[in-house]
Structure formats: C-alpha cells, structure tokens
file entry18.cif (mmCIF, C-alpha atoms)
data_run
loop_
_atom_site.label_atom_id
_atom_site.label_comp_id
_atom_site.auth_asym_id
_atom_site.auth_seq_id
_atom_site.Cartn_x
_atom_site.Cartn_y
_atom_site.Cartn_z
CA MET A 112 6.68 -11.29 7.32
CA SER A 113 9.52 -10.42 5.02
CA ARG A 114 9.64 -9.64 1.34
CA PRO A 115 9.61 -12.53 -1.13
CA LEU A 116 12.80 -13.64 -2.83
CA LEU A 117 13.49 -12.89 -6.49
CA TYR A 118 15.88 -15.48 -7.90
CA LEU A 119 17.83 -14.11 -10.87
CA ASP A 120 19.50 -16.27 -13.46
CA VAL A 121 22.09 -14.54 -15.66
CA ASP A 122 22.24 -16.52 -18.91
CA GLY A 123 18.87 -16.23 -20.58
CA PRO A 124 17.10 -13.51 -18.57
CA LEU A 125 19.91 -10.95 -18.32
CA ASN A 126 22.25 -12.26 -21.00
CA PRO A 127 20.14 -13.42 -23.97
CA TRP A 128 22.76 -15.96 -25.01
CA ALA A 129 20.60 -17.38 -27.83
CA ALA A 130 20.13 -14.01 -29.57
CA ASN A 131 21.17 -13.74 -33.18
CA PRO A 132 24.92 -12.96 -32.95
CA GLU A 133 24.61 -10.66 -35.97
CA ARG A 134 21.91 -8.50 -34.37
CA ARG A 135 21.70 -7.81 -30.64
CA PRO A 136 18.26 -7.27 -29.10
CA ALA A 137 17.44 -3.56 -28.73
CA GLY A 138 19.11 -1.83 -25.79
CA TYR A 139 21.77 -4.50 -25.17
CA THR A 140 25.49 -3.88 -25.14
CA THR A 141 28.20 -6.48 -25.72
CA HIS A 142 30.73 -7.21 -23.00
CA ARG A 143 33.71 -9.56 -23.06
CA MET A 144 34.15 -11.30 -19.72
CA LYS A 145 36.30 -14.02 -18.24
CA PRO A 146 34.71 -15.03 -14.93
CA ASP A 147 36.50 -17.40 -12.57
CA ASN A 148 33.89 -20.12 -13.09
CA TRP A 149 34.53 -19.96 -16.84
CA ILE A 150 38.28 -20.23 -16.34
CA ALA A 151 37.74 -23.22 -14.02
CA LEU A 152 35.84 -25.03 -16.78
CA HIS A 153 39.05 -24.92 -18.83
CA ALA A 154 41.10 -26.86 -16.30
CA GLY A 155 44.77 -26.94 -17.15
CA ALA A 156 44.64 -24.01 -19.55
CA PRO A 157 46.49 -20.88 -18.51
CA PRO A 158 43.96 -18.10 -17.80
CA ASP A 159 45.36 -16.02 -20.69
CA ALA A 160 44.56 -18.89 -23.08
CA VAL A 161 40.90 -19.15 -22.01
CA PRO A 162 38.65 -17.32 -24.48
CA THR A 163 36.42 -14.55 -23.20
CA LEU A 164 32.68 -14.93 -23.04
CA ARG A 165 30.45 -12.71 -25.16
CA VAL A 166 27.85 -11.40 -22.73
CA LEU A 167 24.93 -9.21 -23.78
CA LEU A 168 23.55 -6.96 -21.05
CA LYS A 169 20.86 -4.31 -21.07
CA PRO A 170 21.83 -1.45 -18.73
CA ALA A 171 18.12 -0.51 -18.38
CA HIS A 172 17.56 -3.78 -16.51
CA GLY A 173 19.52 -2.45 -13.54
CA PRO A 174 17.09 0.35 -12.60
CA ARG A 175 14.12 -1.98 -13.15
CA LEU A 176 15.63 -4.59 -10.84
CA LEU A 177 16.42 -1.90 -8.27
CA GLU A 178 12.74 -0.88 -8.38
CA LEU A 179 11.78 -4.49 -7.70
CA SER A 180 14.20 -4.60 -4.77
CA GLY A 181 11.61 -2.56 -2.87
CA LEU A 182 9.27 -5.54 -3.21
CA TYR A 183 11.75 -8.43 -3.21
CA HIS A 184 15.05 -9.57 -1.79
CA LEU A 185 17.13 -10.03 -4.96
CA VAL A 186 19.28 -13.18 -5.05
CA TRP A 187 21.56 -14.55 -7.75
CA ALA A 188 20.42 -18.05 -8.76
CA THR A 189 22.97 -18.64 -11.48
CA THR A 190 25.95 -20.82 -12.30
CA TRP A 191 27.90 -17.55 -12.37
CA GLY A 192 27.87 -17.63 -8.56
CA GLU A 193 29.88 -14.79 -7.02
CA ASP A 194 31.11 -13.93 -10.52
CA ALA A 195 27.67 -12.35 -11.07
CA ASN A 196 28.52 -9.79 -8.38
CA GLU A 197 31.91 -9.09 -9.92
CA HIS A 198 30.98 -8.97 -13.61
CA ILE A 199 27.21 -8.52 -14.05
CA ALA A 200 26.16 -6.32 -11.12
CA PRO A 201 28.54 -3.43 -11.94
CA VAL A 202 27.34 -3.21 -15.54
CA LEU A 203 23.71 -3.10 -14.39
CA GLY A 204 24.35 -0.82 -11.42
CA LEU A 205 23.26 -3.42 -8.90
CA PRO A 206 24.67 -3.77 -5.40
CA HIS A 207 26.35 -6.93 -4.18
CA LEU A 208 23.59 -9.55 -3.96
CA PRO A 209 23.42 -12.82 -2.05
CA VAL A 210 24.16 -15.91 -4.13
CA VAL A 211 22.52 -19.33 -4.00
CA ALA A 212 25.28 -21.86 -3.21
CA TRP A 213 24.63 -24.88 -5.38
CA PRO A 214 25.64 -28.24 -3.89
CA ALA A 215 26.55 -29.31 -7.44
CA LEU A 216 26.17 -27.73 -10.85
CA PHE A 217 23.90 -29.30 -13.43
CA GLY A 218 22.74 -32.90 -13.13
CA ALA A 219 19.24 -34.31 -13.17
CA GLY A 220 16.36 -32.70 -11.33
CA GLU A 221 13.67 -34.52 -9.42
CA GLU A 222 10.59 -35.66 -11.34
CA GLY A 223 11.83 -34.22 -14.64
CA THR A 224 12.48 -30.76 -13.23
CA TYR A 225 15.39 -28.46 -13.97
CA TRP A 226 18.38 -29.19 -11.71
CA LYS A 227 18.02 -25.87 -9.82
CA THR A 228 14.38 -26.32 -8.82
CA SER A 229 14.60 -28.43 -5.66
CA HIS A 230 17.61 -26.43 -4.46
CA LEU A 231 15.66 -23.18 -4.74
CA ILE A 232 12.76 -24.63 -2.78
CA GLY A 233 15.24 -25.51 -0.05
CA HIS A 234 16.86 -22.10 -0.21
CA ALA A 235 13.49 -20.31 -0.02
CA ALA A 236 12.77 -22.24 3.21
CA GLY A 237 9.02 -21.67 3.03
CA ARG A 238 9.17 -18.05 1.85
CA PRO A 239 7.32 -16.82 -1.24
CA PHE A 240 9.56 -16.44 -4.26
CA ALA A 241 9.71 -15.54 -7.92
CA TRP A 242 12.29 -17.02 -10.25
CA VAL A 243 13.32 -15.88 -13.72
CA ASP A 244 15.19 -18.44 -15.80
CA ASP A 245 15.24 -19.69 -19.38
CA GLU A 246 15.05 -23.33 -18.24
CA VAL A 247 11.89 -23.41 -16.10
CA GLY A 248 8.84 -25.20 -17.43
CA GLU A 249 5.62 -26.93 -16.48
CA ALA A 250 7.34 -29.79 -14.62
CA ASP A 251 9.07 -27.20 -12.41
CA ARG A 252 5.84 -25.30 -11.76
CA ALA A 253 3.98 -28.49 -10.82
CA PHE A 254 6.84 -29.65 -8.57
CA VAL A 255 7.03 -26.30 -6.77
CA ALA A 256 3.24 -26.27 -6.31
CA ARG A 257 3.46 -29.71 -4.63
CA GLN A 258 6.64 -29.18 -2.62
CA HIS A 259 6.53 -25.49 -1.59
CA ASP A 260 3.74 -24.24 0.67
CA ALA A 261 4.21 -20.53 -0.07
CA PRO A 262 3.27 -18.71 -3.29
CA ALA A 263 5.81 -18.95 -6.10
CA LEU A 264 6.09 -17.48 -9.59
CA LEU A 265 8.34 -19.34 -12.02
CA ARG A 266 8.81 -17.10 -15.04
CA HIS A 267 10.29 -18.58 -18.20
CA VAL A 268 12.37 -16.02 -20.11
CA ASP A 269 13.15 -16.53 -23.80
CA PRO A 270 16.98 -16.71 -24.07
CA ARG A 271 16.81 -15.02 -27.49
CA VAL A 272 15.38 -11.78 -26.07
CA GLY A 273 15.99 -11.71 -22.30
CA LEU A 274 13.80 -10.00 -19.74
CA ARG A 275 11.08 -7.86 -21.28
CA GLU A 276 8.59 -5.35 -19.93
CA GLU A 277 5.91 -8.00 -19.47
CA ASP A 278 8.30 -9.95 -17.21
CA PHE A 279 8.82 -6.92 -14.97
CA THR A 280 5.06 -6.29 -14.93
CA ALA A 281 4.38 -9.90 -13.89
CA LEU A 282 7.04 -9.76 -11.16
CA ASP A 283 5.64 -6.50 -9.81
CA ALA A 284 2.06 -7.85 -9.85
CA PHE A 285 3.05 -11.11 -8.12
CA ALA A 286 4.80 -9.32 -5.24
CA ARG A 287 1.98 -6.81 -4.79
CA ALA A 288 -0.63 -9.57 -4.80
CA LEU A 289 1.07 -11.07 -1.74
CA GLY A 290 -0.07 -8.05 0.23
CA PRO A 291 1.56 -5.56 2.58
CA ASP A 292 2.83 -8.23 4.98
CA HIS A 293 5.23 -9.37 2.25
CA THR A 294 6.10 -6.13 0.48
CA GLY A 295 6.60 -3.71 3.33
#

call {"tool": "encode", "arguments": {"input": "entry18.cif", "output": "structure tokens"}}
result
Amino acid sequence: MSRPLLYLDVDGPLNPWAANPERRPAGYTTHRMKPDNWIALHAGAPPDAVPTLRVLLKPAHGPRLLELSGLYHLVWATTWGEDANEHIAPVLGLPHLPVVAWPALFGAGEEGTYWKTSHLIGHAAGRPFAWVDDEVGEADRAFVARQHDAPALLRHVDPRVGLREEDFTALDAFARALGPDHTG
C-alpha cells in the first residue's frame, strides 16, 4: 500500500487570513503576492493595477510539513492551484507538490458539504487521506464517512491562527495509526 494523501489548503491553514491585521500570529511573516489566479479574478484590469494580496506565512510550517512527507504524499488542495507551488512553497521551503485540479471553483457541495469535499473523495480514489482546511465541518465528515471506504481525517483549522502544534500532532498520529503498510 502507499502512503495516505495530505491535502493542504493555503488560506486558513497556512495563511491565517482572518488574523487580526494589526497583530500577526506569532512566527508569521507578511508577504505581498500577486498570483495568476488572483489576477484572473480581476478580468479586464491590467496586471499592474491589480492589488497585491497580503499573505501571512509561518516559515516553521515548512520543516513540519516536510517531516510529514515521510508519512504522507503532500498535495495542494487549494484555489491557489499551481500558484501555491510558485508563491507558497518557496517561502516554506517545500518542493513542487501535486495540485488537485478542480472541475470548477466554489459552488454548492453535496448534502450541505463544502464544495471541495466530493472532489477530494474522487481524487483520493479509495486511498486514506487527511485534509486541513478552514471550511470543513461535521457535514463534510459525515459525508466522507459514508462515501469514502478508507480512513480519513478532516481537520478544521481556525483561519485566525493557522496550523498549530496540535494539528501536526493529530496528522502524525492519524498516519501512524494506519500502520506500516501505509507509512512505509
């Protein structure tokens, strides 16, 4: 068997977008970015006229995620798409990661779930997975439990503080609990 997947959202878990703008969470640095997806949302505006995004990133997350890459296959599951590899990965010291290709961005999810949920079940294709996102909730957990036959951990991350030590501990414990067939 192969390692489980770890689906990474950017905004919320890695970029605590809801943090108090006057006081960054400890360990975060501010970056100004203008990803292609952001420019595309401003159709018709010249790229120079599109404002930059304020992105908070914690460089210490990179080594922690690299540690988890021994237990998981890391995958971007974010609206940033390939922009995550260009803008986020270098700041965190991550290699180029695969990206979930969304058939459409946003919209309504099945049975009251977040719009990403059913797509990630399809992407996982029966493999165990963990997912960190600020939008997952009980409806998503229940849906995944009904629709996905392999173990899954859906970890809600507070978008005011981003990933914390207890999130990394839970991700580590989940992967190890799957046993050596999944983590070797």

call {"tool": "atom_distance", "arguments": {"input": "entry18.cif", "atom1": "CA of Val202 (chain A)", "atom2": "CA of Thr190 (chain A)"}}
result
18.0 Å

call {"tool": "closest_residue", "arguments": {"input": "entry18.cif", "among": "A:Leu177, A:Leu125, A:Arg114, A:Leu119", "to": "Val210 (chain A)", "atoms": "all atoms listed in the file"}}
result
A:Leu119

call {"tool": "atom_distance", "arguments": {"input": "entry18.cif", "atom1": "CA of Arg271 (chain A)", "atom2": "CA of Ala129 (chain A)"}}
result
4.5 Å

call {"tool": "resolve_selection", "arguments": {"input": "entry18.cif", "expression": "the PyMOL selection byres ((chain A and resi 130) around 10)", "output": "VMD selection string"}}
result
chain A and resid 123 126 to 129 131 to 136 167 269 to 273

call {"tool": "resolve_selection", "arguments": {"input": "entry18.cif", "expression": "the PyMOL selection byres ((chain A and resi 192) around 9)", "output": "list in words"}}
result
Asn148, Trp187, Ala188, Thr189, Thr190, Trp191, Glu193, Asp194, Ala195, Asn196, Val210, Val211, Ala212 and Trp213 of chain A

call {"tool": "resolve_selection", "arguments": {"input": "entry18.cif", "expression": "the PyMOL selection byres ((chain A and resi 278-286) around 8)", "output": "PyMOL selection string"}}
result
chain A and resi 115+175+179+182-183+241+264+266+268+274-277+287-290+293-294

call {"tool": "closest_residue", "arguments": {"input": "entry18.cif", "among": "A:His153, A:Phe254, A:Ala263, A:Ala200", "to": "Phe240 (chain A)", "atoms": "all atoms listed in the file"}}
result
A:Ala263

call {"tool": "atom_distance", "arguments": {"input": "entry18.cif", "atom1": "CA of Asp245 (chain A)", "atom2": "CA of Leu231 (chain A)"}}
result
15.1 Å
